$ cat coords10.txt   # compact mmCIF, C-alpha atoms
# COMPACT_ATOMS: atom_id res chain seq x y z
CA MET S 1 7.19 -9.90 -10.02
CA ILE S 2 6.33 -12.36 -7.23
CA LYS S 3 3.63 -14.82 -8.25
CA ILE S 4 1.97 -17.93 -6.87
CA LYS S 5 0.84 -20.83 -9.03
CA ILE S 6 -2.32 -21.64 -7.08
CA SER S 7 -5.13 -19.53 -5.65
CA PRO S 8 -4.16 -17.27 -2.70
CA ASN S 9 -6.73 -18.99 -0.48
CA SER S 10 -5.32 -22.45 -1.21
CA PHE S 11 -1.74 -21.17 -0.90
CA TYR S 12 -2.25 -19.72 2.58
CA LYS S 13 -4.17 -22.80 3.76
CA LYS S 14 -1.33 -25.07 2.67
CA LEU S 15 1.20 -22.82 4.40
CA ASP S 16 -0.77 -23.27 7.61
CA LYS S 17 -0.87 -27.04 7.08
CA HIS S 18 2.93 -27.21 6.83
CA LEU S 19 3.24 -25.15 10.00
CA GLU S 20 0.79 -27.47 11.77
CA LYS S 21 2.80 -30.49 10.61
CA GLY S 22 5.97 -29.08 12.16
CA ASN S 23 4.20 -28.49 15.46
CA ASP S 24 2.70 -31.98 15.30
CA ILE S 25 6.22 -33.44 15.22
CA LEU S 26 7.06 -31.46 18.36
CA GLU S 27 3.95 -32.72 20.13
CA LYS S 28 4.81 -36.35 19.36
CA GLN S 29 7.82 -36.07 21.71
CA ILE S 30 9.74 -38.69 19.71
CA SER S 31 12.37 -40.34 21.90
CA GLU S 32 14.44 -42.00 19.13
CA PRO S 33 17.03 -39.48 17.77
CA LYS S 34 17.30 -41.02 14.28
CA LEU S 35 13.53 -41.13 13.87
CA LEU S 36 13.16 -37.52 15.03
CA GLU S 37 15.95 -36.37 12.74
CA THR S 38 14.32 -38.15 9.79
CA GLU S 39 10.95 -36.51 10.50
CA ILE S 40 12.57 -33.07 10.81
CA ASN S 41 14.47 -33.43 7.52
CA GLU S 42 11.36 -34.68 5.74
CA TRP S 43 9.26 -31.80 7.09
CA VAL S 44 11.84 -29.18 6.06
CA LYS S 45 12.13 -30.72 2.58
CA ASN S 46 8.35 -30.79 2.09
CA ALA S 47 7.93 -27.22 3.35
CA VAL S 48 10.72 -25.89 1.12
CA ASP S 49 9.52 -27.91 -1.88
CA PHE S 50 6.04 -26.44 -1.45
CA LEU S 51 7.43 -22.89 -1.53
CA GLU S 52 9.73 -23.55 -4.48
CA ASN S 53 7.11 -25.41 -6.53
CA ASN S 54 4.25 -22.95 -5.96
CA THR S 55 5.94 -19.56 -6.25
CA VAL S 56 7.77 -17.54 -8.86
CA ASN S 57 10.43 -14.94 -8.02
CA LEU S 58 10.10 -15.50 -4.28
CA PRO S 59 13.00 -13.78 -2.45
CA GLU S 60 15.62 -16.48 -1.93
CA LYS S 61 16.18 -15.45 1.67
CA LEU S 62 12.68 -16.60 2.61
CA ILE S 63 13.68 -20.14 1.69
CA THR S 64 17.34 -20.18 2.76
CA ASP S 65 16.41 -18.91 6.23
CA ILE S 66 14.41 -22.13 6.70
CA GLN S 67 17.09 -24.37 5.20
CA HIS S 68 20.12 -22.91 6.98
CA THR S 69 18.75 -21.98 10.40
CA VAL S 70 20.89 -23.81 12.97
CA THR S 71 20.61 -24.24 16.72
CA GLU S 72 24.30 -23.97 17.63
CA ASP S 73 27.47 -22.70 15.98
CA TRP S 74 29.75 -25.36 14.46
CA ILE S 75 32.18 -25.42 17.41
CA THR S 76 29.42 -25.89 19.98
CA PHE S 77 27.72 -28.43 17.75
CA GLY S 78 30.98 -30.41 17.45
CA LEU S 79 31.31 -30.60 21.23
CA LEU S 80 27.70 -31.65 21.63
CA LYS S 81 27.86 -34.24 18.86
CA ARG S 82 30.55 -36.21 20.68
CA ASP S 83 28.10 -36.84 23.52
CA PHE S 84 25.08 -37.74 21.37
CA ASP S 85 25.89 -41.46 21.10
CA LYS S 86 26.46 -41.74 24.83
CA ASN S 87 23.57 -39.50 25.79
CA PRO S 88 20.50 -39.90 23.50
CA GLU S 89 18.51 -37.51 25.70
CA SER S 90 21.01 -34.76 24.92
CA HIS S 91 20.64 -35.56 21.22
CA ILE S 92 16.84 -35.39 21.46
CA GLU S 93 17.07 -32.06 23.30
CA TYR S 94 19.31 -30.67 20.56
CA LEU S 95 17.04 -31.92 17.77
CA THR S 96 13.96 -30.49 19.51
CA LYS S 97 15.63 -27.06 19.77
CA HIS S 98 16.69 -27.42 16.14
CA LEU S 99 13.12 -28.17 15.04
CA LYS S 100 11.75 -25.21 17.02
CA LYS S 101 14.19 -22.93 15.20
CA LYS S 102 13.12 -24.34 11.83
CA ILE S 103 9.44 -23.91 12.70
CA LYS S 104 10.08 -20.32 13.76
CA ALA S 105 11.92 -19.62 10.49
CA PHE S 106 9.04 -21.12 8.50
CA LYS S 107 6.53 -19.10 10.55
CA VAL S 108 8.41 -15.89 9.80
CA THR S 109 8.49 -16.71 6.09
CA SER S 110 4.78 -17.54 6.22
CA ASP S 111 4.14 -14.22 7.99
CA TYR S 112 5.94 -12.26 5.29
CA LEU S 113 3.84 -13.97 2.64
CA SER S 114 0.64 -13.24 4.57
CA ILE S 115 1.26 -9.48 4.32
CA SER S 116 2.13 -9.43 0.62
CA GLU S 117 -0.51 -7.52 -1.31
CA ILE S 118 0.99 -8.96 -4.49
CA ILE S 119 0.50 -12.59 -3.43
CA LYS S 120 -3.03 -11.80 -2.27
CA GLY S 121 -3.73 -10.71 -5.83
CA ASN S 122 -4.17 -7.04 -4.95
CA GLU S 123 -2.65 -4.10 -6.78
CA LYS S 124 0.88 -3.00 -5.96
CA PRO S 125 0.80 -0.40 -3.15
CA GLU S 126 1.43 3.09 -4.52
CA LEU S 127 3.45 4.91 -1.87
CA SER S 128 4.69 8.33 -2.92
CA SER S 129 6.16 9.62 0.34
CA ILE S 130 8.31 8.45 3.24
CA GLN S 131 5.39 8.94 5.64
CA GLU S 132 3.24 6.64 3.50
CA LYS S 133 5.99 4.01 3.65
CA ILE S 134 6.27 4.35 7.44
CA THR S 135 2.49 4.03 7.82
CA PHE S 136 2.49 1.00 5.52
CA VAL S 137 5.25 -0.72 7.54
CA LEU S 138 3.43 -0.06 10.82
CA GLN S 139 0.18 -1.42 9.40
CA LYS S 140 1.87 -4.63 8.24
CA LEU S 141 3.69 -5.11 11.57
CA TYR S 142 0.36 -4.53 13.33
CA GLU S 143 -1.28 -7.25 11.20
CA LEU S 144 1.41 -9.67 12.41
CA TYR S 145 1.70 -8.40 16.02
CA ASN S 146 3.78 -11.11 17.64
CA ASP S 147 7.20 -11.48 19.25
CA ASN S 148 9.12 -12.07 16.03
CA PHE S 149 11.19 -9.35 14.37
CA TYR S 150 10.66 -8.54 10.69
CA SER S 151 12.89 -6.95 8.10
CA ILE S 152 11.50 -3.69 6.72
CA SER S 153 13.40 -4.22 3.46
CA MET S 154 11.74 -7.65 3.10
CA ILE S 155 8.29 -6.12 3.76
CA PHE S 156 9.03 -3.69 0.92
CA GLU S 157 10.41 -6.42 -1.35
CA ILE S 158 7.43 -8.78 -1.06
CA ASN S 159 5.15 -5.84 -1.81
CA GLU S 160 7.39 -4.64 -4.67
CA ILE S 161 7.95 -1.24 -3.10
CA ASP S 162 11.09 0.61 -4.22
CA TYR S 163 13.36 2.08 -1.55
CA ARG S 164 16.67 3.87 -1.18
CA GLU S 165 19.68 1.81 -0.03
CA ASN S 166 19.63 2.64 3.69
CA GLU S 167 15.98 3.66 3.90
CA PRO S 168 14.67 0.54 5.76
CA ASN S 169 17.31 0.94 8.47
CA GLU S 170 16.50 4.66 8.83
CA ILE S 171 12.78 3.87 9.07
CA ALA S 172 13.50 1.25 11.75
CA GLU S 173 15.49 3.81 13.75
CA ASN S 174 12.80 6.47 13.26
CA LEU S 175 10.07 4.15 14.57
CA LYS S 176 12.23 3.08 17.50
CA LYS S 177 12.91 6.71 18.53
CA ARG S 178 9.19 7.52 18.31
CA GLY S 179 8.42 4.50 20.49
CA TYR S 180 6.39 2.84 17.76
CA GLY S 181 8.82 -0.01 17.10
CA ILE S 182 11.30 -2.22 18.95
CA ARG S 183 14.55 -3.10 17.17
CA GLU S 184 15.98 -6.58 17.55
CA THR S 185 19.33 -5.08 18.54
CA ASP S 186 20.15 -1.45 19.29
CA TYR S 187 23.04 0.18 17.44
CA THR S 188 22.73 -2.21 14.52
CA THR S 189 22.59 -1.84 10.75
CA LYS S 190 19.90 -4.53 10.56
CA ASP S 191 16.38 -3.31 9.82
CA LEU S 192 14.65 -5.94 11.98
CA LEU S 193 11.72 -4.56 13.92
CA LYS S 194 8.53 -5.49 15.74
CA ILE S 195 5.73 -3.11 16.58
CA SER S 196 5.46 -1.80 20.13
CA VAL S 197 2.26 -1.40 22.15
CA LYS S 198 2.47 2.34 21.51
CA GLY S 199 2.84 1.66 17.79
CA ALA S 200 -0.11 -0.75 17.79
CA ALA S 201 -2.26 1.84 19.60
CA TYR S 202 -1.25 4.43 16.99
CA VAL S 203 -2.29 2.11 14.13
CA GLU S 204 -5.62 1.40 15.87
CA ARG S 205 -6.31 5.14 16.16
CA GLN S 206 -5.46 5.63 12.48
CA ASN S 207 -7.66 2.69 11.47
CA LYS S 208 -10.54 4.06 13.52
CA ARG S 209 -10.20 7.50 11.91
CA GLN S 210 -10.12 5.93 8.45
CA LYS S 211 -13.14 3.77 9.24
CA ASN S 212 -15.09 6.81 10.48
CA LYS S 213 -14.08 8.76 7.40
CA GLU S 214 -15.23 5.94 5.11
CA LYS S 215 -18.50 5.66 7.06
CA LYS S 216 -19.19 9.38 6.67
CA THR S 217 -18.47 9.14 2.95
CA LYS S 218 -20.73 6.09 2.63
CA ASP S 219 -23.55 7.78 4.60
CA ALA S 220 -23.26 10.90 2.46
CA LYS S 221 -23.50 8.85 -0.75
CA ILE S 222 -26.54 6.91 0.52
CA ASN S 223 -28.27 10.12 1.61
CA GLU S 224 -27.63 11.62 -1.81
CA LYS S 225 -29.09 8.54 -3.55
CA ILE S 226 -32.18 8.54 -1.32
CA ASP S 227 -32.71 12.28 -1.92
CA LEU S 228 -32.52 11.71 -5.68
CA VAL S 229 -35.00 8.81 -5.47
CA LEU S 230 -37.44 10.92 -3.43
CA ALA S 231 -37.13 13.81 -5.87
CA LYS S 232 -37.76 11.46 -8.80
CA LEU S 233 -40.82 9.91 -7.08
CA GLU S 234 -42.26 13.35 -6.45
CA LYS S 235 -41.66 14.31 -10.06
CA LEU S 236 -43.44 11.13 -11.22
CA GLY S 237 -46.44 12.07 -9.12
CA TYR S 238 -46.02 9.60 -6.25
CA GLY S 239 -47.07 11.85 -3.42
CA GLN S 240 -48.38 9.24 -0.99
CA GLU S 241 -46.93 9.61 2.49
CA ILE S 242 -46.58 5.85 2.90
CA ILE S 243 -44.18 5.63 -0.06
CA PHE S 244 -42.01 8.47 1.22
CA ASP S 245 -41.99 7.02 4.75
CA GLU S 246 -40.85 3.63 3.44
CA ILE S 247 -37.98 5.22 1.50
CA GLU S 248 -37.01 7.53 4.39
CA GLU S 249 -36.82 4.53 6.71
CA LEU S 250 -34.04 3.15 4.52
CA ARG S 251 -31.89 6.14 5.45
CA GLY S 252 -31.74 5.10 9.10
CA LEU S 253 -31.45 1.38 8.34
CA SER S 254 -28.37 1.95 6.16
CA LYS S 255 -26.44 2.89 9.32
CA LYS S 256 -27.49 -0.24 11.22
CA LEU S 257 -27.39 -2.97 8.57
CA ASN S 258 -24.59 -4.37 6.45
CA LYS S 259 -24.73 -3.81 2.70
CA LYS S 260 -26.19 -7.23 1.87
CA THR S 261 -28.97 -7.06 4.47
CA TRP S 262 -29.79 -3.46 3.54
CA SER S 263 -30.12 -4.49 -0.12
CA GLN S 264 -32.49 -7.30 0.86
CA VAL S 265 -34.62 -4.88 2.90
CA ILE S 266 -34.83 -2.52 -0.09
CA LYS S 267 -35.89 -5.40 -2.34
CA GLY S 268 -38.61 -6.42 0.12
CA LYS S 269 -39.95 -2.89 0.43
CA VAL S 270 -40.14 -2.13 -3.29
CA MET S 271 -41.72 -5.53 -3.99
CA ASP S 272 -44.40 -4.87 -1.36
CA LEU S 273 -45.05 -1.40 -2.77
CA ALA S 274 -45.30 -2.79 -6.31
CA LEU S 275 -47.51 -5.73 -5.35
CA SER S 276 -49.79 -3.30 -3.46
CA GLU S 277 -49.86 -1.28 -6.70
CA LEU S 278 -48.70 1.84 -4.85
CA ILE S 279 -45.91 2.11 -7.41
CA SER S 280 -45.38 0.56 -10.84
CA LYS S 281 -42.96 -2.30 -11.47
CA GLU S 282 -40.80 0.09 -13.48
CA THR S 283 -40.65 2.51 -10.53
CA ALA S 284 -39.82 -0.36 -8.15
CA SER S 285 -36.92 -1.32 -10.41
CA PHE S 286 -35.79 2.32 -10.57
CA ILE S 287 -35.74 2.64 -6.76
CA TYR S 288 -33.86 -0.62 -6.23
CA GLU S 289 -31.32 -0.05 -8.99
CA SER S 290 -30.70 3.54 -7.89
CA LEU S 291 -29.97 2.56 -4.29
CA VAL S 292 -28.25 -0.79 -4.77
CA GLU S 293 -26.64 -0.23 -8.19
CA ASP S 294 -27.68 -3.68 -9.37
CA LYS S 295 -30.33 -5.06 -11.69
CA PHE S 296 -33.74 -5.78 -10.18
CA LYS S 297 -34.66 -9.02 -11.94
CA LEU S 298 -37.57 -10.43 -9.97
CA LEU S 299 -40.16 -8.05 -11.35
CA LYS S 300 -39.02 -8.20 -14.99

$ encode --input "coords10.txt" --output "structure tokens"
Amino acid sequence: MIKIKISPNSFYKKLDKHLEKGNDILEKQISEPKLLETEINEWVKNAVDFLENNTVNLPEKLITDIQHTVTEDWITFGLLKRDFDKNPESHIEYLTKHLKKKIKAFKVTSDYLSISEIIKGNEKPELSSIQEKITFVLQKLYELYNDNFYSISMIFEINEIDYRENEPNEIAENLKKRGYGIRETDYTTKDLLKISVKGAAYVERQNKRQKNKEKKTKDAKINEKIDLVLAKLEKLGYGQEIIFDEIEELRGLSKKLNKKTWSQVIKGKVMDLALSELISKETASFIYESLVEDKFKLLK
């Protein structure tokens, strides 16, 4: 199981700091090759050390991709290296490209970690069907939404989701054919993918439907609670119109206010009603605790 040794909030902040440090080196525009090379090597070492020292069971590829990313193949590098002593500008250009590649590799690793429910401290995603896996992949690619390509198998691995041997590649091809994803290379066995505009629009529609569904469920629960409170008040003999109007007003406010503000409004109303002796302190506590599901301490 993947674990981090510090709090998720601190972990992600420090990831961002390392990324900022890499970009800071680029912005310095160092003109001395040896100095630039030293700064690059130090940055890579610090970034890798941070990952290795603060994680447990992190997929090795997320670290080796940073360490072993190179700008040129060995043959091209050999030809370039012969000119470095004679042409420092060429050396600087090479090192700058090299650093950009390292930063990109670190960014991709950081992105993978940002979409790990396990590292965030959440429960392992329970996906029982292929469609659920496809939806999960699209959602994670949507959260990243940039020009980098991401491995579906790595998305599964960092979220500890089991999959069949060729399943990530098949999912990548499925999403490409539906226009929801763009593969890094066509006709490949690699499962690297980024979400398309069509795919992002699909996720946004799904998120909106889910949000509306959750809102309807929330409204239904609040209405049920308010109805029960009103029925209880009537049973207790509180027939005053002002009391029922105050409680009914909460029904409409629940749709306009966030949970915290709505709770504060409820507290204010029941305190006013109790202080005006329109209801007892016990009834005020009952109303608040029924609607907010928390203890009403101020009047006890």

$ atom_distance --input "coords10.txt" --atom1 "atom CA of Glu60 of chain S" --atom2 "atom CA of Leu113 of chain S"
12.9 Å

$ residues_around --input "coords10.txt" --residues "segment 138-150 of chain S" --least-positions-apart "5" --cutoff "10 Å" --atoms "all atoms listed in the file" --output "VMD selection string"
chain S and resid 104 to 105 107 to 109 111 to 112 114 to 116 132 to 133 155 175 180 to 184 191 to 197 199 to 204 206 to 207

$ write_last_selection --input "coords10.txt" --atoms "C-alpha atoms" --output "mmCIF file, in the coordinates of the input"
data_model
loop_
_atom_site.group_PDB
_atom_site.id
_atom_site.type_symbol
_atom_site.label_atom_id
_atom_site.label_comp_id
_atom_site.auth_asym_id
_atom_site.auth_seq_id
_atom_site.Cartn_x
_atom_site.Cartn_y
_atom_site.Cartn_z
ATOM 1 C CA LYS S 104 10.080 -20.320 13.760
ATOM 2 C CA ALA S 105 11.920 -19.620 10.490
ATOM 3 C CA LYS S 107 6.530 -19.100 10.550
ATOM 4 C CA VAL S 108 8.410 -15.890 9.800
ATOM 5 C CA THR S 109 8.490 -16.710 6.090
ATOM 6 C CA ASP S 111 4.140 -14.220 7.990
ATOM 7 C CA TYR S 112 5.940 -12.260 5.290
ATOM 8 C CA SER S 114 0.640 -13.240 4.570
ATOM 9 C CA ILE S 115 1.260 -9.480 4.320
ATOM 10 C CA SER S 116 2.130 -9.430 0.620
ATOM 11 C CA GLU S 132 3.240 6.640 3.500
ATOM 12 C CA LYS S 133 5.990 4.010 3.650
ATOM 13 C CA ILE S 155 8.290 -6.120 3.760
ATOM 14 C CA LEU S 175 10.070 4.150 14.570
ATOM 15 C CA TYR S 180 6.390 2.840 17.760
ATOM 16 C CA GLY S 181 8.820 -0.010 17.100
ATOM 17 C CA ILE S 182 11.300 -2.220 18.950
ATOM 18 C CA ARG S 183 14.550 -3.100 17.170
ATOM 19 C CA GLU S 184 15.980 -6.580 17.550
ATOM 20 C CA ASP S 191 16.380 -3.310 9.820
ATOM 21 C CA LEU S 192 14.650 -5.940 11.980
ATOM 22 C CA LEU S 193 11.720 -4.560 13.920
ATOM 23 C CA LYS S 194 8.530 -5.490 15.740
ATOM 24 C CA ILE S 195 5.730 -3.110 16.580
ATOM 25 C CA SER S 196 5.460 -1.800 20.130
ATOM 26 C CA VAL S 197 2.260 -1.400 22.150
ATOM 27 C CA GLY S 199 2.840 1.660 17.790
ATOM 28 C CA ALA S 200 -0.110 -0.750 17.790
ATOM 29 C CA ALA S 201 -2.260 1.840 19.600
ATOM 30 C CA TYR S 202 -1.250 4.430 16.990
ATOM 31 C CA VAL S 203 -2.290 2.110 14.130
ATOM 32 C CA GLU S 204 -5.620 1.400 15.870
ATOM 33 C CA GLN S 206 -5.460 5.630 12.480
ATOM 34 C CA ASN S 207 -7.660 2.690 11.470
#

$ atom_distance --input "coords10.txt" --atom1 "atom CA of Asn46 of chain S" --atom2 "atom CA of Ile6 of chain S"
16.8 Å

$ residues_around --input "coords10.txt" --residues "Glu20 of chain S" --least-positions-apart "4" --cutoff "12 Å" --atoms "all atoms listed in the file" --output "list in words"
Lys13, Lys14, Leu15, Asp16, Asp24, Ile25, Leu26, Glu27, Trp43, Ala47, Ile103, Lys104, Phe106 and Lys107 of chain S

$ closest_atom_pairs --input "coords10.txt" --of "segment 59-143 of chain S" --to "segment 161-172 of chain S" --cutoff "12 Å" --atoms "all atoms listed in the file" --output "CSV"
residue,atom,partner,partner_atom,distance
S:Ser116,CA,S:Ile161,CA,10.7
S:Glu117,CA,S:Ile161,CA,10.7
S:Ile118,CA,S:Ile161,CA,10.5
S:Glu123,CA,S:Ile161,CA,11.6
S:Lys124,CA,S:Ile161,CA,7.8
S:Pro125,CA,S:Ile161,CA,7.2
S:Glu126,CA,S:Ile161,CA,8.0
S:Leu127,CA,S:Ile161,CA,7.7
S:Ser128,CA,S:Ile161,CA,10.1
S:Ser129,CA,S:Tyr163,CA,10.6
S:Ile130,CA,S:Ile171,CA,8.7
S:Gln131,CA,S:Ile171,CA,9.6
S:Glu132,CA,S:Ile161,CA,11.3
S:Lys133,CA,S:Ile171,CA,8.7
S:Ile134,CA,S:Ile171,CA,6.7
S:Thr135,CA,S:Ile171,CA,10.4
S:Phe136,CA,S:Ile161,CA,10.4
S:Val137,CA,S:Ile171,CA,9.0
S:Leu138,CA,S:Ala172,CA,10.2
S:Leu141,CA,S:Ala172,CA,11.7

$ closest_residue --input "coords10.txt" --among "S:Ile152, S:Leu233, S:Leu257, S:Val48" --to "Thr189 of chain S" --atoms "only C-alpha atoms"
S:Ile152

$ residues_around --input "coords10.txt" --residues "Leu99 of chain S" --least-positions-apart "4" --cutoff "10 Å" --atoms "only C-alpha atoms" --output "list in words"
Gly22, Asn23, Ile25, Leu26, Leu36, Glu37, Glu39, Ile40, Asn41, Trp43, Val44, Thr69, Val70, Thr71, Glu93, Tyr94, Leu95, Ile103, Lys104 and Ala105 of chain S

$ residues_around --input "coords10.txt" --residues "Ile266 of chain S" --least-positions-apart "2" --cutoff "12 Å" --atoms "only C-alpha atoms" --output "VMD selection string"
chain S and resid 226 246 to 251 253 to 254 257 259 to 264 268 to 273 284 to 294 296

$ closest_residue --input "coords10.txt" --among "S:Asn258, S:Ser280, S:Ser110, S:Asn122" --to "Ile66 of chain S" --atoms "all atoms listed in the file"
S:Ser110

$ atom_distance --input "coords10.txt" --atom1 "atom CA of Thr283 of chain S" --atom2 "atom CA of Thr217 of chain S"
26.8 Å

$ closest_residue --input "coords10.txt" --among "S:Lys281, S:His18, S:Lys213, S:Lys86" --to "Lys102 of chain S" --atoms "only C-alpha atoms"
S:His18

$ closest_residue --input "coords10.txt" --among "S:Asn212, S:Asn53, S:Ser276, S:Thr64" --to "Ile243 of chain S" --atoms "all atoms listed in the file"
S:Ser276

$ closest_residue --input "coords10.txt" --among "S:Phe11, S:Ile63, S:Lys255, S:Leu230" --to "Lys216 of chain S" --atoms "all atoms listed in the file"
S:Lys255

$ axis_aligned_box --input "coords10.txt" --around "segment 148-155 of chain S" --padding-each-side "4 Å" --output "AutoDock Vina command-line options"
--center_x 10.8 --center_y -7.9 --center_z 9.6 --size_x 13.1 --size_y 16.4 --size_z 20.9

$ closest_residue --input "coords10.txt" --among "S:Pro33, S:Ile119, S:Thr38, S:Glu234" --to "Asn87 of chain S" --atoms "all atoms listed in the file"
S:Pro33

$ build_atoms --input "coords10.txt" --residues "segment 106-114 of chain S" --atoms "all heavy atoms" --output "PDB file, keeping the file's coordinate frame"
ATOM      1  N   PHE S 106      10.142 -20.920   9.436  1.00  0.00           N
ATOM      2  CA  PHE S 106       9.040 -21.120   8.500  1.00  0.00           C
ATOM      3  C   PHE S 106       7.874 -20.198   8.824  1.00  0.00           C
ATOM      4  O   PHE S 106       7.220 -19.652   7.923  1.00  0.00           O
ATOM      5  CB  PHE S 106       8.565 -22.582   8.525  1.00  0.00           C
ATOM      6  CG  PHE S 106       7.512 -22.880   7.510  1.00  0.00           C
ATOM      7  CD1 PHE S 106       7.848 -23.147   6.193  1.00  0.00           C
ATOM      8  CD2 PHE S 106       6.166 -22.875   7.857  1.00  0.00           C
ATOM      9  CE1 PHE S 106       6.876 -23.409   5.241  1.00  0.00           C
ATOM     10  CE2 PHE S 106       5.183 -23.138   6.920  1.00  0.00           C
ATOM     11  CZ  PHE S 106       5.537 -23.416   5.599  1.00  0.00           C
ATOM     12  N   LYS S 107       7.611 -20.005  10.117  1.00  0.00           N
ATOM     13  CA  LYS S 107       6.530 -19.100  10.550  1.00  0.00           C
ATOM     14  C   LYS S 107       6.808 -17.678  10.085  1.00  0.00           C
ATOM     15  O   LYS S 107       5.902 -16.981   9.597  1.00  0.00           O
ATOM     16  CB  LYS S 107       6.401 -19.143  12.070  1.00  0.00           C
ATOM     17  CG  LYS S 107       5.420 -18.120  12.680  1.00  0.00           C
ATOM     18  CD  LYS S 107       3.992 -18.448  12.314  1.00  0.00           C
ATOM     19  CE  LYS S 107       2.983 -17.688  13.157  1.00  0.00           C
ATOM     20  NZ  LYS S 107       3.041 -16.228  13.014  1.00  0.00           N
ATOM     21  N   VAL S 108       8.053 -17.244  10.224  1.00  0.00           N
ATOM     22  CA  VAL S 108       8.410 -15.890   9.800  1.00  0.00           C
ATOM     23  C   VAL S 108       8.234 -15.740   8.290  1.00  0.00           C
ATOM     24  O   VAL S 108       7.674 -14.745   7.815  1.00  0.00           O
ATOM     25  CB  VAL S 108       9.857 -15.536  10.230  1.00  0.00           C
ATOM     26  CG1 VAL S 108      10.321 -14.244   9.570  1.00  0.00           C
ATOM     27  CG2 VAL S 108       9.936 -15.395  11.747  1.00  0.00           C
ATOM     28  N   THR S 109       8.686 -16.738   7.534  1.00  0.00           N
ATOM     29  CA  THR S 109       8.490 -16.710   6.090  1.00  0.00           C
ATOM     30  C   THR S 109       7.000 -16.672   5.746  1.00  0.00           C
ATOM     31  O   THR S 109       6.558 -15.887   4.902  1.00  0.00           O
ATOM     32  CB  THR S 109       9.140 -17.951   5.428  1.00  0.00           C
ATOM     33  OG1 THR S 109      10.559 -17.805   5.469  1.00  0.00           O
ATOM     34  CG2 THR S 109       8.706 -18.110   3.981  1.00  0.00           C
ATOM     35  N   SER S 110       6.225 -17.509   6.429  1.00  0.00           N
ATOM     36  CA  SER S 110       4.780 -17.540   6.220  1.00  0.00           C
ATOM     37  C   SER S 110       4.156 -16.183   6.546  1.00  0.00           C
ATOM     38  O   SER S 110       3.256 -15.716   5.846  1.00  0.00           O
ATOM     39  CB  SER S 110       4.166 -18.635   7.099  1.00  0.00           C
ATOM     40  OG  SER S 110       2.776 -18.677   6.958  1.00  0.00           O
ATOM     41  N   ASP S 111       4.648 -15.542   7.603  1.00  0.00           N
ATOM     42  CA  ASP S 111       4.140 -14.220   7.990  1.00  0.00           C
ATOM     43  C   ASP S 111       4.406 -13.182   6.910  1.00  0.00           C
ATOM     44  O   ASP S 111       3.547 -12.357   6.586  1.00  0.00           O
ATOM     45  CB  ASP S 111       4.770 -13.775   9.311  1.00  0.00           C
ATOM     46  CG  ASP S 111       4.189 -14.496  10.512  1.00  0.00           C
ATOM     47  OD1 ASP S 111       3.137 -15.136  10.376  1.00  0.00           O
ATOM     48  OD2 ASP S 111       4.792 -14.422  11.601  1.00  0.00           O
ATOM     49  N   TYR S 112       5.626 -13.199   6.377  1.00  0.00           N
ATOM     50  CA  TYR S 112       5.940 -12.260   5.290  1.00  0.00           C
ATOM     51  C   TYR S 112       4.961 -12.443   4.133  1.00  0.00           C
ATOM     52  O   TYR S 112       4.441 -11.471   3.584  1.00  0.00           O
ATOM     53  CB  TYR S 112       7.364 -12.499   4.779  1.00  0.00           C
ATOM     54  CG  TYR S 112       8.464 -11.883   5.620  1.00  0.00           C
ATOM     55  CD1 TYR S 112       9.500 -12.672   6.116  1.00  0.00           C
ATOM     56  CD2 TYR S 112       8.488 -10.522   5.891  1.00  0.00           C
ATOM     57  CE1 TYR S 112      10.521 -12.121   6.883  1.00  0.00           C
ATOM     58  CE2 TYR S 112       9.509  -9.957   6.651  1.00  0.00           C
ATOM     59  CZ  TYR S 112      10.522 -10.765   7.144  1.00  0.00           C
ATOM     60  OH  TYR S 112      11.522 -10.217   7.900  1.00  0.00           O
ATOM     61  N   LEU S 113       4.728 -13.696   3.769  1.00  0.00           N
ATOM     62  CA  LEU S 113       3.840 -13.970   2.640  1.00  0.00           C
ATOM     63  C   LEU S 113       2.402 -13.563   2.924  1.00  0.00           C
ATOM     64  O   LEU S 113       1.654 -13.195   2.024  1.00  0.00           O
ATOM     65  CB  LEU S 113       3.912 -15.454   2.281  1.00  0.00           C
ATOM     66  CG  LEU S 113       5.299 -15.958   1.869  1.00  0.00           C
ATOM     67  CD1 LEU S 113       5.275 -17.456   1.599  1.00  0.00           C
ATOM     68  CD2 LEU S 113       5.821 -15.209   0.658  1.00  0.00           C
ATOM     69  N   SER S 114       2.011 -13.599   4.202  1.00  0.00           N
ATOM     70  CA  SER S 114       0.640 -13.240   4.570  1.00  0.00           C
ATOM     71  C   SER S 114       0.375 -11.747   4.452  1.00  0.00           C
ATOM     72  O   SER S 114      -0.773 -11.322   4.405  1.00  0.00           O
ATOM     73  CB  SER S 114       0.337 -13.704   6.004  1.00  0.00           C
ATOM     74  OG  SER S 114       0.959 -12.863   6.965  1.00  0.00           O
TER      75      SER S 114
END
